[in-house]
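K.L.:
If you scroll down you'll find the structure; I have some questions about it.
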Amino acid sequence: MIFARLPAATTQDNFSKRKTQNPRYRPLRSNRENSMSIQEYIEEHGLGKKVEDVINAAVKAKAPEPIAFMAEYLKKQSPATITKVVARQIFDSRGNPTVEADVYTHKGMFRAMTPSGASTGIHEAVELRDGDVTK
């Protein structure tokens with residue numbers, strides 16, 4: 001096996017210089033005109049309380065994998081934002097055309113179909129089969 005030879009020593013000054021040149025290690029901008037401070041961001045979004053809650057839940061559950069538990073816990077706490085909707089015409093068990101839709105969120109895919117029937121409630125949707133409003 002062949003290993004690459006590393007330089008014998010790197011001075012602290014060289015390391016600091018490389019750190020500031022790398023965008024991953026640049027400090028957050030402290031200019032308040034361009035961005036809010038870290039503390040302001042934490043307070044505005046209530047992150048302190050949320051982090052405390054998720055850690056307490058992981059400890060209470062005695063989770064064997066606390067990071068995975070906390071990720072799932074936070075995922076459940078966030079609202080399900082719709083990312084995609086796919087709709088299609090299908091035929092129900094009686095052969096009537098109806099609509100089925102797949103709704104995608106970051107929490108999963110959910111599918112539902114509308115019944116095609118003789119509902120007569122005042123708030124029911126009106127079927128427009130073949131453009132005939134009377135049906």
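Chain identifiers are assigned as A, B, and so on, following the order in which chains appear in the structure tokens; residues are numbered from 1 within each chain, and ligands are numbered from 1 in order of appearance.
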For region 52-60 of chain A, please output as a list in words all residues within 10 Å (counting only C-alpha atoms; exclusion window: fewer than 5 positions along the same chain).

P.N.:
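Final neighbour list, sorted by chain and number: Leu47, Glu65, Pro66, Ile67, Ala68, Phe69, Met70, Ala71, Glu72, Tyr73, Leu74 and Gln77 of chain A.
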
K.L.:
Name all residues at most 8 Å from region 83-97 of chain A (count only C-alpha atoms; drop same-chain ones fewer than 3 positions away) and give them as a list in words.

P.N.:
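Listing them by chain and then by number gives Glu100, Ala101, Asp102, Val103, Tyr104, Thr105, His106, Pro115 and Ser116 of chain A.
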
K.L.:
From the list A:His45, A:Met109, A:Glu40, A:Val51, which residue is nearest Ala80 (chain A) when using only C-alpha atoms?

P.N.:
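The answer is A:Met109, which sits nearest to Ala80 (chain A).
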
K.L.:
As a PDB file with N, CA, C and O atoms, in the first residue's frame, list the residues of region 32-72 of chain A assigned to alpha helix (DSSP H) by DSSP on the backbone atoms of this structure.

P.N.:
```
ATOM      1  N   ILE A  38     -26.951  36.056  15.530  1.00  0.00           N
ATOM      2  CA  ILE A  38     -27.357  34.672  15.803  1.00  0.00           C
ATOM      3  C   ILE A  38     -28.371  34.645  16.937  1.00  0.00           C
ATOM      4  O   ILE A  38     -29.378  33.935  16.857  1.00  0.00           O
ATOM      5  N   GLN A  39     -28.114  35.427  17.977  1.00  0.00           N
ATOM      6  CA  GLN A  39     -29.022  35.450  19.123  1.00  0.00           C
ATOM      7  C   GLN A  39     -30.398  35.960  18.723  1.00  0.00           C
ATOM      8  O   GLN A  39     -31.416  35.418  19.144  1.00  0.00           O
ATOM      9  N   GLU A  40     -30.455  36.982  17.879  1.00  0.00           N
ATOM     10  CA  GLU A  40     -31.741  37.505  17.421  1.00  0.00           C
ATOM     11  C   GLU A  40     -32.503  36.450  16.621  1.00  0.00           C
ATOM     12  O   GLU A  40     -33.712  36.299  16.763  1.00  0.00           O
ATOM     13  N   TYR A  41     -31.785  35.723  15.784  1.00  0.00           N
ATOM     14  CA  TYR A  41     -32.411  34.663  14.979  1.00  0.00           C
ATOM     15  C   TYR A  41     -32.982  33.572  15.882  1.00  0.00           C
ATOM     16  O   TYR A  41     -34.116  33.130  15.700  1.00  0.00           O
ATOM     17  N   ILE A  42     -32.201  33.148  16.865  1.00  0.00           N
ATOM     18  CA  ILE A  42     -32.652  32.103  17.800  1.00  0.00           C
ATOM     19  C   ILE A  42     -33.901  32.558  18.544  1.00  0.00           C
ATOM     20  O   ILE A  42     -34.866  31.805  18.678  1.00  0.00           O
ATOM     21  N   GLU A  43     -33.901  33.803  19.001  1.00  0.00           N
ATOM     22  CA  GLU A  43     -35.053  34.322  19.744  1.00  0.00           C
ATOM     23  C   GLU A  43     -36.275  34.509  18.850  1.00  0.00           C
ATOM     24  O   GLU A  43     -37.396  34.194  19.255  1.00  0.00           O
ATOM     25  N   GLU A  44     -36.055  35.002  17.627  1.00  0.00           N
ATOM     26  CA  GLU A  44     -37.177  35.242  16.719  1.00  0.00           C
ATOM     27  C   GLU A  44     -37.921  33.961  16.382  1.00  0.00           C
ATOM     28  O   GLU A  44     -39.146  33.946  16.271  1.00  0.00           O
ATOM     29  N   HIS A  45     -37.207  32.864  16.224  1.00  0.00           N
ATOM     30  CA  HIS A  45     -37.820  31.599  15.829  1.00  0.00           C
ATOM     31  C   HIS A  45     -38.084  30.653  17.003  1.00  0.00           C
ATOM     32  O   HIS A  45     -38.558  29.531  16.800  1.00  0.00           O
ATOM     33  N   LEU A  47     -36.035  28.999  18.872  1.00  0.00           N
ATOM     34  CA  LEU A  47     -35.243  27.775  18.742  1.00  0.00           C
ATOM     35  C   LEU A  47     -34.781  27.219  20.087  1.00  0.00           C
ATOM     36  O   LEU A  47     -34.659  26.006  20.242  1.00  0.00           O
ATOM     37  N   GLY A  48     -34.538  28.090  21.049  1.00  0.00           N
ATOM     38  CA  GLY A  48     -34.097  27.618  22.363  1.00  0.00           C
ATOM     39  C   GLY A  48     -35.110  26.662  22.977  1.00  0.00           C
ATOM     40  O   GLY A  48     -34.756  25.568  23.444  1.00  0.00           O
ATOM     41  N   LYS A  49     -36.362  27.041  22.954  1.00  0.00           N
ATOM     42  CA  LYS A  49     -37.435  26.205  23.514  1.00  0.00           C
ATOM     43  C   LYS A  49     -37.599  24.921  22.714  1.00  0.00           C
ATOM     44  O   LYS A  49     -37.777  23.838  23.277  1.00  0.00           O
ATOM     45  N   LYS A  50     -37.529  25.026  21.382  1.00  0.00           N
ATOM     46  CA  LYS A  50     -37.697  23.837  20.536  1.00  0.00           C
ATOM     47  C   LYS A  50     -36.584  22.828  20.753  1.00  0.00           C
ATOM     48  O   LYS A  50     -36.837  21.623  20.841  1.00  0.00           O
ATOM     49  N   VAL A  51     -35.349  23.309  20.853  1.00  0.00           N
ATOM     50  CA  VAL A  51     -34.219  22.407  21.081  1.00  0.00           C
ATOM     51  C   VAL A  51     -34.347  21.750  22.449  1.00  0.00           C
ATOM     52  O   VAL A  51     -34.116  20.546  22.598  1.00  0.00           O
ATOM     53  N   GLU A  52     -34.730  22.528  23.445  1.00  0.00           N
ATOM     54  CA  GLU A  52     -34.923  21.983  24.790  1.00  0.00           C
ATOM     55  C   GLU A  52     -36.011  20.903  24.789  1.00  0.00           C
ATOM     56  O   GLU A  52     -35.840  19.837  25.380  1.00  0.00           O
ATOM     57  N   ASP A  53     -37.112  21.156  24.089  1.00  0.00           N
ATOM     58  CA  ASP A  53     -38.211  20.187  24.027  1.00  0.00           C
ATOM     59  C   ASP A  53     -37.783  18.877  23.361  1.00  0.00           C
ATOM     60  O   ASP A  53     -38.119  17.793  23.833  1.00  0.00           O
ATOM     61  N   VAL A  54     -37.046  18.978  22.269  1.00  0.00           N
ATOM     62  CA  VAL A  54     -36.659  17.762  21.544  1.00  0.00           C
ATOM     63  C   VAL A  54     -35.639  16.954  22.350  1.00  0.00           C
ATOM     64  O   VAL A  54     -35.690  15.721  22.361  1.00  0.00           O
ATOM     65  N   ILE A  55     -34.736  17.626  23.059  1.00  0.00           N
ATOM     66  CA  ILE A  55     -33.777  16.896  23.893  1.00  0.00           C
ATOM     67  C   ILE A  55     -34.500  16.217  25.044  1.00  0.00           C
ATOM     68  O   ILE A  55     -34.242  15.049  25.357  1.00  0.00           O
ATOM     69  N   ASN A  56     -35.445  16.920  25.682  1.00  0.00           N
ATOM     70  CA  ASN A  56     -36.214  16.314  26.781  1.00  0.00           C
ATOM     71  C   ASN A  56     -37.014  15.117  26.300  1.00  0.00           C
ATOM     72  O   ASN A  56     -37.120  14.109  27.001  1.00  0.00           O
ATOM     73  N   ALA A  57     -37.589  15.193  25.094  1.00  0.00           N
ATOM     74  CA  ALA A  57     -38.352  14.069  24.550  1.00  0.00           C
ATOM     75  C   ALA A  57     -37.445  12.873  24.288  1.00  0.00           C
ATOM     76  O   ALA A  57     -37.823  11.722  24.557  1.00  0.00           O
ATOM     77  N   ALA A  58     -36.244  13.104  23.787  1.00  0.00           N
ATOM     78  CA  ALA A  58     -35.302  12.004  23.527  1.00  0.00           C
ATOM     79  C   ALA A  58     -34.864  11.347  24.821  1.00  0.00           C
ATOM     80  O   ALA A  58     -34.784  10.114  24.904  1.00  0.00           O
ATOM     81  N   VAL A  59     -34.608  12.144  25.850  1.00  0.00           N
ATOM     82  CA  VAL A  59     -34.194  11.594  27.149  1.00  0.00           C
ATOM     83  C   VAL A  59     -35.343  10.821  27.775  1.00  0.00           C
ATOM     84  O   VAL A  59     -35.154   9.714  28.301  1.00  0.00           O
ATOM     85  N   LYS A  60     -36.553  11.385  27.715  1.00  0.00           N
ATOM     86  CA  LYS A  60     -37.722  10.720  28.295  1.00  0.00           C
ATOM     87  C   LYS A  60     -37.997   9.382  27.616  1.00  0.00           C
ATOM     88  O   LYS A  60     -38.342   8.402  28.266  1.00  0.00           O
ATOM     89  N   ALA A  61     -37.817   9.324  26.283  1.00  0.00           N
ATOM     90  CA  ALA A  61     -38.060   8.091  25.531  1.00  0.00           C
ATOM     91  C   ALA A  61     -36.899   7.108  25.656  1.00  0.00           C
ATOM     92  O   ALA A  61     -37.016   5.952  25.241  1.00  0.00           O
ATOM     93  N   PRO A  66     -30.400   8.714  19.697  1.00  0.00           N
ATOM     94  CA  PRO A  66     -31.020  10.012  19.993  1.00  0.00           C
ATOM     95  C   PRO A  66     -31.083  10.969  18.806  1.00  0.00           C
ATOM     96  O   PRO A  66     -32.061  11.696  18.659  1.00  0.00           O
ATOM     97  N   ILE A  67     -30.076  10.964  17.938  1.00  0.00           N
ATOM     98  CA  ILE A  67     -30.099  11.880  16.795  1.00  0.00           C
ATOM     99  C   ILE A  67     -31.233  11.521  15.845  1.00  0.00           C
ATOM    100  O   ILE A  67     -31.979  12.391  15.383  1.00  0.00           O
ATOM    101  N   ALA A  68     -31.396  10.233  15.556  1.00  0.00           N
ATOM    102  CA  ALA A  68     -32.490   9.786  14.688  1.00  0.00           C
ATOM    103  C   ALA A  68     -33.841  10.102  15.327  1.00  0.00           C
ATOM    104  O   ALA A  68     -34.773  10.539  14.648  1.00  0.00           O
ATOM    105  N   PHE A  69     -33.948   9.889  16.631  1.00  0.00           N
ATOM    106  CA  PHE A  69     -35.189  10.192  17.344  1.00  0.00           C
ATOM    107  C   PHE A  69     -35.511  11.678  17.248  1.00  0.00           C
ATOM    108  O   PHE A  69     -36.644  12.062  16.954  1.00  0.00           O
ATOM    109  N   MET A  70     -34.490  12.528  17.479  1.00  0.00           N
ATOM    110  CA  MET A  70     -34.718  13.967  17.450  1.00  0.00           C
ATOM    111  C   MET A  70     -35.084  14.443  16.046  1.00  0.00           C
ATOM    112  O   MET A  70     -35.941  15.314  15.892  1.00  0.00           O
ATOM    113  N   ALA A  71     -34.474  13.860  15.021  1.00  0.00           N
ATOM    114  CA  ALA A  71     -34.810  14.237  13.645  1.00  0.00           C
ATOM    115  C   ALA A  71     -36.262  13.895  13.342  1.00  0.00           C
ATOM    116  O   ALA A  71     -36.994  14.708  12.763  1.00  0.00           O
ATOM    117  N   GLU A  72     -36.697  12.711  13.738  1.00  0.00           N
ATOM    118  CA  GLU A  72     -38.088  12.296  13.503  1.00  0.00           C
ATOM    119  C   GLU A  72     -39.055  13.157  14.317  1.00  0.00           C
ATOM    120  O   GLU A  72     -40.120  13.546  13.831  1.00  0.00           O
TER     121      GLU A  72
END
```

K.L.:
Go through A:Thr98, A:Pro64, A:Ile82, A:Gly46 and flag the residue nearest Phe110 (chain A), using only C-alpha atoms for the distances.

P.N.:
A:Ile82
